[in-house]
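See below for work-v3.pdb, which holds PDB, C-alpha atoms, pLDDT in the B column.
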ATOM      1  CA  VAL Y  30     137.811 115.645 138.992  1.00 71.00           C
ATOM      2  CA  ASP Y  31     136.519 118.917 137.580  1.00 76.00           C
ATOM      3  CA  TRP Y  32     138.158 120.936 140.362  1.00 81.00           C
ATOM      4  CA  LEU Y  33     141.738 120.081 139.384  1.00 84.00           C
ATOM      5  CA  PRO Y  34     142.620 121.142 135.844  1.00 85.00           C
ATOM      6  CA  LEU Y  35     145.576 118.759 135.443  1.00 88.00           C
ATOM      7  CA  VAL Y  36     143.633 115.720 136.639  1.00 88.00           C
ATOM      8  CA  ARG Y  37     140.644 116.756 134.509  1.00 88.00           C
ATOM      9  CA  GLU Y  38     142.855 116.853 131.390  1.00 90.00           C
ATOM     10  CA  LEU Y  39     144.414 113.460 132.183  1.00 90.00           C
ATOM     11  CA  VAL Y  40     141.028 111.836 132.709  1.00 90.00           C
ATOM     12  CA  SER Y  41     139.736 113.435 129.524  1.00 91.00           C
ATOM     13  CA  LEU Y  42     142.720 112.141 127.555  1.00 91.00           C
ATOM     14  CA  GLY Y  43     142.260 108.640 128.963  1.00 89.00           C
ATOM     15  CA  LEU Y  44     138.579 108.592 128.059  1.00 91.00           C
ATOM     16  CA  LYS Y  45     139.303 109.843 124.549  1.00 93.00           C
ATOM     17  CA  LEU Y  46     141.929 107.147 124.008  1.00 88.00           C
ATOM     18  CA  PHE Y  47     139.547 104.486 125.297  1.00 88.00           C
ATOM     19  CA  ALA Y  48     136.745 105.688 123.018  1.00 91.00           C
ATOM     20  CA  PHE Y  49     139.115 105.774 120.029  1.00 90.00           C
ATOM     21  CA  SER Y  50     140.297 102.239 120.752  1.00 88.00           C
ATOM     22  CA  VAL Y  51     136.766 100.854 121.054  1.00 90.00           C
ATOM     23  CA  ALA Y  52     135.567 102.699 117.950  1.00 92.00           C
ATOM     24  CA  THR Y  53     138.525 101.472 115.907  1.00 91.00           C
ATOM     25  CA  SER Y  54     138.058  97.874 117.020  1.00 92.00           C
ATOM     26  CA  LEU Y  55     134.337  97.880 116.263  1.00 93.00           C
ATOM     27  CA  SER Y  56     134.919  99.530 112.892  1.00 94.00           C
ATOM     28  CA  LEU Y  57     137.522  96.937 111.934  1.00 93.00           C
ATOM     29  CA  LEU Y  58     135.206  94.111 112.986  1.00 94.00           C
ATOM     30  CA  THR Y  59     132.388  95.580 110.893  1.00 95.00           C
ATOM     31  CA  ILE Y  60     134.651  95.925 107.866  1.00 94.00           C
ATOM     32  CA  ALA Y  61     135.951  92.370 108.401  1.00 94.00           C
ATOM     33  CA  ALA Y  62     132.379  91.056 108.430  1.00 95.00           C
ATOM     34  CA  GLY Y  63     131.802  92.739 105.099  1.00 94.00           C
ATOM     35  CA  TRP Y  64     134.928  91.216 103.582  1.00 94.00           C
ATOM     36  CA  LEU Y  65     134.270  87.726 104.969  1.00 92.00           C
ATOM     37  CA  PHE Y  66     132.794  86.150 101.821  1.00 93.00           C
ATOM     38  CA  TYR Y  67     134.667  88.236  99.276  1.00 93.00           C
ATOM     39  CA  ARG Y  68     138.201  88.020 100.719  1.00 94.00           C
ATOM     40  CA  PRO Y  69     138.372  85.748 103.787  1.00 94.00           C
ATOM     41  CA  LEU Y  70     142.101  86.323 104.332  1.00 95.00           C
ATOM     42  CA  ILE Y  71     141.672  90.097 104.514  1.00 94.00           C
ATOM     43  CA  ALA Y  72     138.712  89.627 106.837  1.00 95.00           C
ATOM     44  CA  THR Y  73     140.802  87.432 109.138  1.00 95.00           C
ATOM     45  CA  LEU Y  74     143.630  89.971 109.217  1.00 95.00           C
ATOM     46  CA  LEU Y  75     141.233  92.826 109.975  1.00 94.00           C
ATOM     47  CA  ALA Y  76     139.592  90.827 112.766  1.00 93.00           C
ATOM     48  CA  ALA Y  77     143.031  90.069 114.208  1.00 94.00           C
ATOM     49  CA  LEU Y  78     143.870  93.789 114.136  1.00 93.00           C
ATOM     50  CA  ALA Y  79     140.605  94.549 115.904  1.00 92.00           C
ATOM     51  CA  ILE Y  80     141.475  92.158 118.728  1.00 91.00           C
ATOM     52  CA  VAL Y  81     144.982  93.598 119.330  1.00 90.00           C
ATOM     53  CA  PRO Y  82     143.844  96.397 121.722  1.00 84.00           C
ATOM     54  CA  VAL Y  83     141.902  93.876 123.816  1.00 83.00           C
ATOM     55  CA  ILE Y  84     144.910  91.563 124.054  1.00 87.00           C
ATOM     56  CA  LEU Y  85     147.227  94.452 124.953  1.00 83.00           C
ATOM     57  CA  ALA Y  86     144.866  95.645 127.666  1.00 79.00           C
ATOM     58  CA  ARG Y  87     144.606  92.177 129.198  1.00 80.00           C
ATOM     59  CA  THR Y  88     148.358  91.526 129.196  1.00 84.00           C
ATOM     60  CA  ARG Y  89     149.192  94.839 130.889  1.00 78.00           C
ATOM     61  CA  VAL Y  90     146.876  94.297 133.853  1.00 72.00           C
ATOM     62  CA  PRO Y  91     148.796  92.831 136.787  1.00 77.00           C
ATOM     63  CA  PRO Y  92     147.357  89.601 138.232  1.00 75.00           C
ATOM     64  CA  LYS Y  93     145.242  89.939 141.369  1.00 76.00           C
ATOM     65  CA  LYS Y  94     146.803  88.843 144.618  1.00 75.00           C
ATOM     66  CA  ILE Y  95     144.896  86.136 146.473  1.00 75.00           C
ATOM     67  CA  GLN Y  96     145.074  86.702 150.211  1.00 68.00           C
TER
END
Rendering of file as structure tokens:
Amino acid sequence: VDWLPLVRELVSLGLKLFAFSVATSLSLLTIAAGWLFYRPLIATLLAALAIVPVILARTRVPPKKIQ
């Protein structure tokens, strides 16, 4: 991938977006765990926000064809 500058930039952008998504989800889950006993409703909303990228990724993947 390093030989083609355009492909290298696209792969780099994809990896950065993936890392940002994972970091955001884990951060929100950590914050939600901290809020769990103090404000359970806020903790539930934060946990739901943390799960949104996972749900979006699973719904956009086309189903595998069984042959």
6 Å per side around stretch 81-85 of chain Y: axis-aligned box centre and edge lengths, as lines of an AutoDock Vina configuration file:
center_x = 144.6
center_y = 94.0
center_z = 122.1
size_x = 17.3
size_y = 16.8
size_z = 17.6
| query | Using only C-alpha atoms, which of the listed residues (Y:Leu39, Y:Val51, Y:Leu57, Y:Leu33) sits closest to Y:Val83? | reply |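 With only C-alpha atoms as the atom set, the closest residue is Y:Val51.
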| message | With the PyMOL selection byres ((chain Y and resi 78) around 12) as the selection, what would be picked from this file? Answer as a ChimeraX atom specification, please. | response | /Y:50,53-58,60-61,71-77,79-85
Restricting it to C-alpha atoms, dump the selection as an mmCIF file, in the coordinates of the input.
data_model
loop_
_atom_site.group_PDB
_atom_site.id
_atom_site.type_symbol
_atom_site.label_atom_id
_atom_site.label_comp_id
_atom_site.auth_asym_id
_atom_site.auth_seq_id
_atom_site.Cartn_x
_atom_site.Cartn_y
_atom_site.Cartn_z
ATOM 1 C CA SER Y 50 140.297 102.239 120.752
ATOM 2 C CA THR Y 53 138.525 101.472 115.907
ATOM 3 C CA SER Y 54 138.058 97.874 117.020
ATOM 4 C CA LEU Y 55 134.337 97.880 116.263
ATOM 5 C CA SER Y 56 134.919 99.530 112.892
ATOM 6 C CA LEU Y 57 137.522 96.937 111.934
ATOM 7 C CA LEU Y 58 135.206 94.111 112.986
ATOM 8 C CA ILE Y 60 134.651 95.925 107.866
ATOM 9 C CA ALA Y 61 135.951 92.370 108.401
ATOM 10 C CA ILE Y 71 141.672 90.097 104.514
ATOM 11 C CA ALA Y 72 138.712 89.627 106.837
ATOM 12 C CA THR Y 73 140.802 87.432 109.138
ATOM 13 C CA LEU Y 74 143.630 89.971 109.217
ATOM 14 C CA LEU Y 75 141.233 92.826 109.975
ATOM 15 C CA ALA Y 76 139.592 90.827 112.766
ATOM 16 C CA ALA Y 77 143.031 90.069 114.208
ATOM 17 C CA ALA Y 79 140.605 94.549 115.904
ATOM 18 C CA ILE Y 80 141.475 92.158 118.728
ATOM 19 C CA VAL Y 81 144.982 93.598 119.330
ATOM 20 C CA PRO Y 82 143.844 96.397 121.722
ATOM 21 C CA VAL Y 83 141.902 93.876 123.816
ATOM 22 C CA ILE Y 84 144.910 91.563 124.054
ATOM 23 C CA LEU Y 85 147.227 94.452 124.953
#
| How many Å separate atom CA of Y:Trp32 from atom CA of Y:Leu44? |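 Interatomic distance, atom CA of Y:Trp32 to atom CA of Y:Leu44: 17.4 Å.
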| request: One decimal, Å: what's the distance from atom CA of Y:Tyr67 over to atom CA of Y:Ala48, could you say? | output: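 Calculated distance between atom CA of Y:Tyr67 and atom CA of Y:Ala48 is 29.5 Å.
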| request: Could you check how far atom CA of Y:Lys45 sits from atom CA of Y:Trp64, in Å to one decimal? | output: 28.4 Å
